[in-house]
Amino acid sequence: SNMFEDLRYDTNQPRRRAEVRKGFEDARDFLRRVEEFQRDDDKEDGAQPPQERDLSREARSALRLLRGQAKAQAFANDAASLIALAELAEQYNFEIVVRGVTEGWTVPERISQAKLSAIVVPRDRTLADERTNRPNGATIKNAAILTRHGIDVAVLPPGPYFGPGTGIGLSGLGGRDMLNINMSAAFAARGGLTEEQAVRTLTINPARMLGVDHRLGSLEVGKDADMIITDRPLLDYMMLVRYSIIDGEIAYDKDAEGIFAHVRPTDPEAERPQDAWPRRLGAPW
């Protein structure tokens with residue numbers, strides 16, 4: 001999406017980090033030269049302002065961040081990488097949404113001061129390295145600790161969610177019920193979030209990270225009428241979506257669909273959909 005710029009600033013890649021910093025310095029210098037050009041009352045007729053096309057790719061990316069035209073998205077887990085991102089965001093005054101954040105609980109003050117947002121996996125099972133003389137590794141309390149420090153937190157289920165892929169997700173099917181995203185919020189609540197805070201990791205917090213919280217993420221007058229209606233509390237592992245409503249219209253009715261229609265139907269006597277799943281043994285495919 002063009003609302004984000006990928007930011008690779010790994011602590012174990014010093015050359016790449018130097019390229020990123022040079023891009024920000026060049027972008028900041030470009031903005032100064034544009035401002036000077038606009039203030040110059042003695043410039044010759046036909047003089048051209050500095051051109052963005054003359055900048056490197058890193059500088060053009062940094063320019064969008066400095067102008068507030070995009071947010072940065074980065075991946076970082078260890079404390080050193082998180083601190084490095086915080087320092088970069090503070091120095092150049094731009095927003096970063098960080099994915100992973102496994103050791104965020106060890107440096108929540110720095111993350112909060114730099115106003116970073118965090119996308120975490122509450123069930124991350126990264127073990128602590130006993131050879132490291134500092135707190136490290138994953139904890140189920142991560143989301144709660146970050147939230148207590150005023151950091152916007154969104155959650156994801158465990159799995160390969162931090163990169164491109166071509167697979168088809170089966171969360172909620174084939175015995176993978178506990179991989180539904182609402183279960184990630186439930187695990188975050190188990191780690192110390194209140195139920196309301198856990199629900200926000202699925203709703204208004206990610207909407208704020210995406211910059212669409214003026215339209216989505218909460219039920220308020222003037223926002224899009226996009227919502228789901230569930231048959232149990234959102235954090236209940238047996239919860240099923242009964243209706244999905246998009247722009248005020250029903251887009252999904254569980255009883256009218258093949259998958260899940262047979263599970264706790266509204267009317268047990270109603271005729272099953274033609275494509276009801278799972279099919280009976282011996283039924284034609």
# chains A, B, ... in the order shown; residues from 1 in each chain; ligands from 1

call {"tool": "residues_around", "arguments": {"residues": "Pro135 (chain A)", "least_positions_apart": "5", "cutoff": "12 Å", "atoms": "only C-alpha atoms", "output": "PyMOL selection string"}}
result
chain A and resi 78-80+102-107+127-130

call {"tool": "write_last_selection", "arguments": {"atoms": "N, CA, C and O atoms", "output": "JSON list (two decimals), in the first residue's frame"}}
result
[["chain", "number", "residue", "atom", "x", "y", "z"],
["A", 78, "ASP", "N", 14.36, -7.61, 18.68],
["A", 78, "ASP", "CA", 15.24, -7.45, 19.83],
["A", 78, "ASP", "C", 15.27, -6.01, 20.30],
["A", 78, "ASP", "O", 14.97, -5.07, 19.56],
["A", 79, "ALA", "N", 15.66, -5.84, 21.56],
["A", 79, "ALA", "CA", 15.64, -4.52, 22.18],
["A", 79, "ALA", "C", 16.53, -3.53, 21.46],
["A", 79, "ALA", "O", 16.17, -2.35, 21.29],
["A", 80, "ALA", "N", 17.72, -3.96, 21.02],
["A", 80, "ALA", "CA", 18.65, -3.04, 20.36],
["A", 80, "ALA", "C", 18.04, -2.48, 19.07],
["A", 80, "ALA", "O", 18.17, -1.28, 18.78],
["A", 102, "THR", "N", 9.03, -8.46, 19.79],
["A", 102, "THR", "CA", 9.07, -9.51, 20.80],
["A", 102, "THR", "C", 9.61, -9.02, 22.13],
["A", 102, "THR", "O", 9.07, -9.35, 23.20],
["A", 103, "GLU", "N", 10.66, -8.22, 22.10],
["A", 103, "GLU", "CA", 11.27, -7.74, 23.34],
["A", 103, "GLU", "C", 10.83, -6.32, 23.68],
["A", 103, "GLU", "O", 11.49, -5.63, 24.48],
["A", 104, "GLY", "N", 9.70, -5.91, 23.13],
["A", 104, "GLY", "CA", 9.19, -4.57, 23.44],
["A", 104, "GLY", "C", 8.96, -4.36, 24.92],
["A", 104, "GLY", "O", 9.13, -3.25, 25.44],
["A", 105, "TRP", "N", 8.59, -5.41, 25.62],
["A", 105, "TRP", "CA", 8.31, -5.31, 27.06],
["A", 105, "TRP", "C", 9.54, -4.91, 27.87],
["A", 105, "TRP", "O", 9.41, -4.42, 28.99],
["A", 106, "THR", "N", 10.74, -5.08, 27.29],
["A", 106, "THR", "CA", 11.96, -4.72, 28.01],
["A", 106, "THR", "C", 12.33, -3.25, 27.83],
["A", 106, "THR", "O", 13.11, -2.72, 28.63],
["A", 107, "VAL", "N", 11.79, -2.59, 26.81],
["A", 107, "VAL", "CA", 12.12, -1.18, 26.55],
["A", 107, "VAL", "C", 10.86, -0.37, 26.22],
["A", 107, "VAL", "O", 10.85, 0.42, 25.28],
["A", 127, "LEU", "N", 12.30, -18.09, 23.20],
["A", 127, "LEU", "CA", 12.85, -18.34, 24.53],
["A", 127, "LEU", "C", 13.94, -17.34, 24.88],
["A", 127, "LEU", "O", 14.65, -16.83, 24.01],
["A", 128, "ALA", "N", 14.06, -17.06, 26.15],
["A", 128, "ALA", "CA", 15.10, -16.15, 26.62],
["A", 128, "ALA", "C", 16.47, -16.81, 26.48],
["A", 128, "ALA", "O", 16.61, -18.02, 26.69],
["A", 129, "ASP", "N", 17.44, -16.02, 26.09],
["A", 129, "ASP", "CA", 18.82, -16.50, 25.99],
["A", 129, "ASP", "C", 19.50, -16.23, 27.33],
["A", 129, "ASP", "O", 19.77, -15.08, 27.69],
["A", 130, "GLU", "N", 19.77, -17.28, 28.06],
["A", 130, "GLU", "CA", 20.35, -17.14, 29.39],
["A", 130, "GLU", "C", 21.77, -16.58, 29.37],
["A", 130, "GLU", "O", 22.28, -16.14, 30.39]]

call {"tool": "select_by_dssp", "arguments": {"residues": "region 103-168 of chain A", "states": "strand (DSSP E)", "output": "mmCIF file with all heavy atoms, in the first residue's frame"}}
result
data_model
loop_
_atom_site.group_PDB
_atom_site.id
_atom_site.type_symbol
_atom_site.label_atom_id
_atom_site.label_comp_id
_atom_site.auth_asym_id
_atom_site.auth_seq_id
_atom_site.Cartn_x
_atom_site.Cartn_y
_atom_site.Cartn_z
ATOM 1 N N SER A 117 4.210 2.489 17.004
ATOM 2 C CA SER A 117 3.091 1.573 17.170
ATOM 3 C C SER A 117 3.624 0.150 17.043
ATOM 4 O O SER A 117 4.658 -0.078 16.408
ATOM 5 C CB SER A 117 2.014 1.824 16.111
ATOM 6 O OG SER A 117 1.547 3.161 16.168
ATOM 7 N N ALA A 118 2.910 -0.812 17.628
ATOM 8 C CA ALA A 118 3.425 -2.179 17.682
ATOM 9 C C ALA A 118 2.389 -3.193 17.213
ATOM 10 O O ALA A 118 1.230 -3.139 17.632
ATOM 11 C CB ALA A 118 3.863 -2.520 19.108
ATOM 12 N N ILE A 119 2.831 -4.100 16.346
ATOM 13 C CA ILE A 119 2.017 -5.248 15.944
ATOM 14 C C ILE A 119 2.702 -6.476 16.511
ATOM 15 O O ILE A 119 3.816 -6.816 16.110
ATOM 16 C CB ILE A 119 1.906 -5.357 14.411
ATOM 17 C CG1 ILE A 119 1.301 -4.079 13.825
ATOM 18 C CG2 ILE A 119 1.055 -6.563 14.025
ATOM 19 C CD1 ILE A 119 1.253 -4.084 12.300
ATOM 20 N N VAL A 120 2.045 -7.130 17.472
ATOM 21 C CA VAL A 120 2.681 -8.209 18.219
ATOM 22 C C VAL A 120 1.932 -9.523 18.044
ATOM 23 O O VAL A 120 0.763 -9.547 17.664
ATOM 24 C CB VAL A 120 2.789 -7.866 19.724
ATOM 25 C CG1 VAL A 120 3.460 -6.514 19.925
ATOM 26 C CG2 VAL A 120 1.404 -7.873 20.371
ATOM 27 N N VAL A 153 -1.291 -0.924 20.224
ATOM 28 C CA VAL A 153 -0.907 -2.311 19.969
ATOM 29 C C VAL A 153 -1.987 -2.999 19.141
ATOM 30 O O VAL A 153 -3.179 -2.889 19.442
ATOM 31 C CB VAL A 153 -0.708 -3.088 21.289
ATOM 32 C CG1 VAL A 153 -0.405 -4.561 21.011
ATOM 33 C CG2 VAL A 153 0.399 -2.462 22.122
ATOM 34 N N ALA A 154 -1.568 -3.693 18.099
ATOM 35 C CA ALA A 154 -2.442 -4.589 17.340
ATOM 36 C C ALA A 154 -1.856 -5.989 17.460
ATOM 37 O O ALA A 154 -0.665 -6.154 17.724
ATOM 38 C CB ALA A 154 -2.531 -4.164 15.874
ATOM 39 N N VAL A 155 -2.697 -7.008 17.279
ATOM 40 C CA VAL A 155 -2.232 -8.380 17.453
ATOM 41 C C VAL A 155 -2.428 -9.199 16.183
ATOM 42 O O VAL A 155 -3.280 -8.873 15.346
ATOM 43 C CB VAL A 155 -2.953 -9.084 18.625
ATOM 44 C CG1 VAL A 155 -2.673 -8.376 19.938
ATOM 45 C CG2 VAL A 155 -4.457 -9.189 18.369
#

call {"tool": "atom_distance", "arguments": {"atom1": "CA of Gly100 (chain A)", "atom2": "CA of Ala74 (chain A)"}}
result
8.9 Å

call {"tool": "atom_distance", "arguments": {"atom1": "CA of Phe260 (chain A)", "atom2": "CA of Arg232 (chain A)"}}
result
14.6 Å

call {"tool": "select_by_dssp", "arguments": {"residues": "region 177-236 of chain A", "states": "helix (DSSP H, G or I)", "output": "list in words"}}
result
Asp177, Met178, Leu179, Ile181, Asn182, Met183, Ser184, Ala185, Ala186, Phe187, Ala188, Ala189, Arg190, Glu195, Glu196, Gln197, Ala198, Val199, Arg200, Ile204, Asn205, Pro206, Ala207, Arg208 and Met209 of chain A

call {"tool": "atom_distance", "arguments": {"atom1": "CA of Tyr243 (chain A)", "atom2": "CA of Asp231 (chain A)"}}
result
9.2 Å

call {"tool": "residues_around", "arguments": {"residues": "Glu195 (chain A)", "least_positions_apart": "5", "cutoff": "9 Å", "atoms": "only C-alpha atoms", "output": "number ranges by chain"}}
result
A: 185-186, 189, 200, 235

call {"tool": "closest_residue", "arguments": {"among": "A:Tyr252, A:Glu25, A:Ala114, A:Asp152", "to": "Thr203 (chain A)", "atoms": "only C-alpha atoms"}}
result
A:Asp152

call {"tool": "closest_residue", "arguments": {"among": "A:Lys115, A:Thr139, A:Pro122, A:Glu44", "to": "Ile151 (chain A)", "atoms": "only C-alpha atoms"}}
result
A:Lys115

call {"tool": "residues_around", "arguments": {"residues": "Phe30 (chain A)", "least_positions_apart": "6", "cutoff": "10 Å", "atoms": "only C-alpha atoms", "output": "list in words"}}
result
Phe24, Glu36, Pro50, Gln51, Glu52, Asp54, Leu55, Ala59, Arg60 and Leu63 of chain A

call {"tool": "write_last_selection", "arguments": {"atoms": "all heavy atoms", "output": "tab-separated table (two decimals), in the first residue's frame"}}
result
chain	number	residue	atom	x	y	z
A	24	PHE	N	17.73	10.01	4.68
A	24	PHE	CA	17.04	11.02	5.48
A	24	PHE	C	17.78	12.35	5.44
A	24	PHE	O	17.14	13.42	5.37
A	24	PHE	CB	16.89	10.53	6.93
A	24	PHE	CG	15.68	9.69	7.16
A	24	PHE	CD1	15.78	8.31	7.19
A	24	PHE	CD2	14.42	10.26	7.31
A	24	PHE	CE1	14.66	7.52	7.39
A	24	PHE	CE2	13.30	9.49	7.51
A	24	PHE	CZ	13.42	8.10	7.55
A	36	GLU	N	14.43	27.41	0.59
A	36	GLU	CA	15.27	28.55	0.20
A	36	GLU	C	14.88	29.05	-1.18
A	36	GLU	O	14.87	30.28	-1.43
A	36	GLU	CB	16.74	28.12	0.21
A	36	GLU	CG	17.29	27.87	1.60
A	36	GLU	CD	18.69	27.26	1.56
A	36	GLU	OE1	19.19	27.02	0.42
A	36	GLU	OE2	19.27	27.02	2.64
A	50	PRO	N	14.44	22.62	-6.85
A	50	PRO	CA	15.05	21.29	-6.77
A	50	PRO	C	14.04	20.21	-7.16
A	50	PRO	O	12.86	20.30	-6.83
A	50	PRO	CB	15.45	21.18	-5.29
A	50	PRO	CG	15.60	22.60	-4.83
A	50	PRO	CD	14.57	23.38	-5.59
A	51	GLN	N	14.50	19.19	-7.87
A	51	GLN	CA	13.61	18.16	-8.39
A	51	GLN	C	13.75	16.86	-7.59
A	51	GLN	O	14.86	16.37	-7.36
A	51	GLN	CB	13.95	17.88	-9.86
A	51	GLN	CG	13.81	19.10	-10.76
A	51	GLN	CD	12.38	19.61	-10.83
A	51	GLN	OE1	11.45	18.83	-11.09
A	51	GLN	NE2	12.21	20.90	-10.61
A	52	GLU	N	12.60	16.29	-7.22
A	52	GLU	CA	12.60	15.03	-6.47
A	52	GLU	C	13.23	13.90	-7.28
A	52	GLU	O	13.82	12.97	-6.72
A	52	GLU	CB	11.18	14.65	-6.07
A	52	GLU	CG	10.56	15.56	-5.04
A	52	GLU	CD	9.18	15.09	-4.61
A	52	GLU	OE1	8.93	13.86	-4.67
A	52	GLU	OE2	8.35	15.93	-4.24
A	54	ASP	N	15.78	13.77	-8.84
A	54	ASP	CA	17.23	13.72	-8.71
A	54	ASP	C	17.68	13.01	-7.43
A	54	ASP	O	18.87	12.78	-7.24
A	54	ASP	CB	17.81	15.14	-8.72
A	54	ASP	CG	17.54	15.86	-10.05
A	54	ASP	OD1	17.49	15.15	-11.08
A	54	ASP	OD2	17.40	17.09	-10.04
A	55	LEU	N	16.71	12.68	-6.57
A	55	LEU	CA	17.04	12.03	-5.31
A	55	LEU	C	17.15	10.52	-5.49
A	55	LEU	O	16.55	9.94	-6.40
A	55	LEU	CB	15.97	12.34	-4.26
A	55	LEU	CG	15.80	13.80	-3.85
A	55	LEU	CD1	14.60	13.94	-2.92
A	55	LEU	CD2	17.06	14.32	-3.17
A	59	ALA	N	16.18	8.39	-0.46
A	59	ALA	CA	15.85	9.78	-0.14
A	59	ALA	C	14.39	10.08	-0.48
A	59	ALA	O	13.71	10.81	0.25
A	59	ALA	CB	16.79	10.73	-0.87
A	60	ARG	N	13.90	9.56	-1.61
A	60	ARG	CA	12.49	9.79	-1.97
A	60	ARG	C	11.56	9.14	-0.95
A	60	ARG	O	10.52	9.70	-0.59
A	60	ARG	CB	12.20	9.25	-3.37
A	60	ARG	CG	12.87	10.05	-4.48
A	60	ARG	CD	12.25	9.72	-5.83
A	60	ARG	NE	12.37	8.31	-6.17
A	60	ARG	CZ	13.41	7.77	-6.81
A	60	ARG	NH1	14.43	8.55	-7.16
A	60	ARG	NH2	13.43	6.48	-7.09
A	63	LEU	N	11.65	11.25	2.10
A	63	LEU	CA	10.94	12.50	1.87
A	63	LEU	C	9.45	12.35	2.16
A	63	LEU	O	8.83	13.24	2.77
A	63	LEU	CB	11.15	12.95	0.42
A	63	LEU	CG	10.67	14.35	0.05
A	63	LEU	CD1	11.38	15.41	0.89
A	63	LEU	CD2	10.88	14.60	-1.44

call {"tool": "closest_atom_pairs", "arguments": {"of": "region 143-235 of chain A", "to": "region 65-71 of chain A", "cutoff": "12 Å", "atoms": "only C-alpha atoms", "output": "Markdown table"}}
result
| residue | atom | partner | partner_atom | distance |
| --- | --- | --- | --- | --- |
| A:Arg208 | CA | A:Lys71 | CA | 11.3 |
| A:Met209 | CA | A:Lys71 | CA | 8.5 |
| A:Leu210 | CA | A:Lys71 | CA | 8.5 |
| A:Gly211 | CA | A:Lys71 | CA | 8.9 |

call {"tool": "write_last_selection", "arguments": {"atoms": "N, CA and C atoms", "output": "short mmCIF file (atom, residue, chain, number, x, y, z; two decimals), in the first residue's frame"}}
result
data_model
loop_
_atom_site.label_atom_id
_atom_site.label_comp_id
_atom_site.auth_asym_id
_atom_site.auth_seq_id
_atom_site.Cartn_x
_atom_site.Cartn_y
_atom_site.Cartn_z
N ARG A 208 -6.09 3.00 13.47
CA ARG A 208 -5.25 4.18 13.67
C ARG A 208 -3.89 4.00 12.99
N MET A 209 -3.34 2.80 13.06
CA MET A 209 -2.06 2.54 12.40
C MET A 209 -2.17 2.72 10.89
N LEU A 210 -3.32 2.32 10.34
CA LEU A 210 -3.54 2.44 8.90
C LEU A 210 -3.98 3.84 8.49
N GLY A 211 -4.23 4.70 9.46
CA GLY A 211 -4.66 6.06 9.15
C GLY A 211 -6.09 6.16 8.68
#

call {"tool": "closest_residue", "arguments": {"among": "A:Ile228, A:Gly248, A:Arg123, A:Ile204", "to": "Gly191 (chain A)", "atoms": "only C-alpha atoms"}}
result
A:Arg123
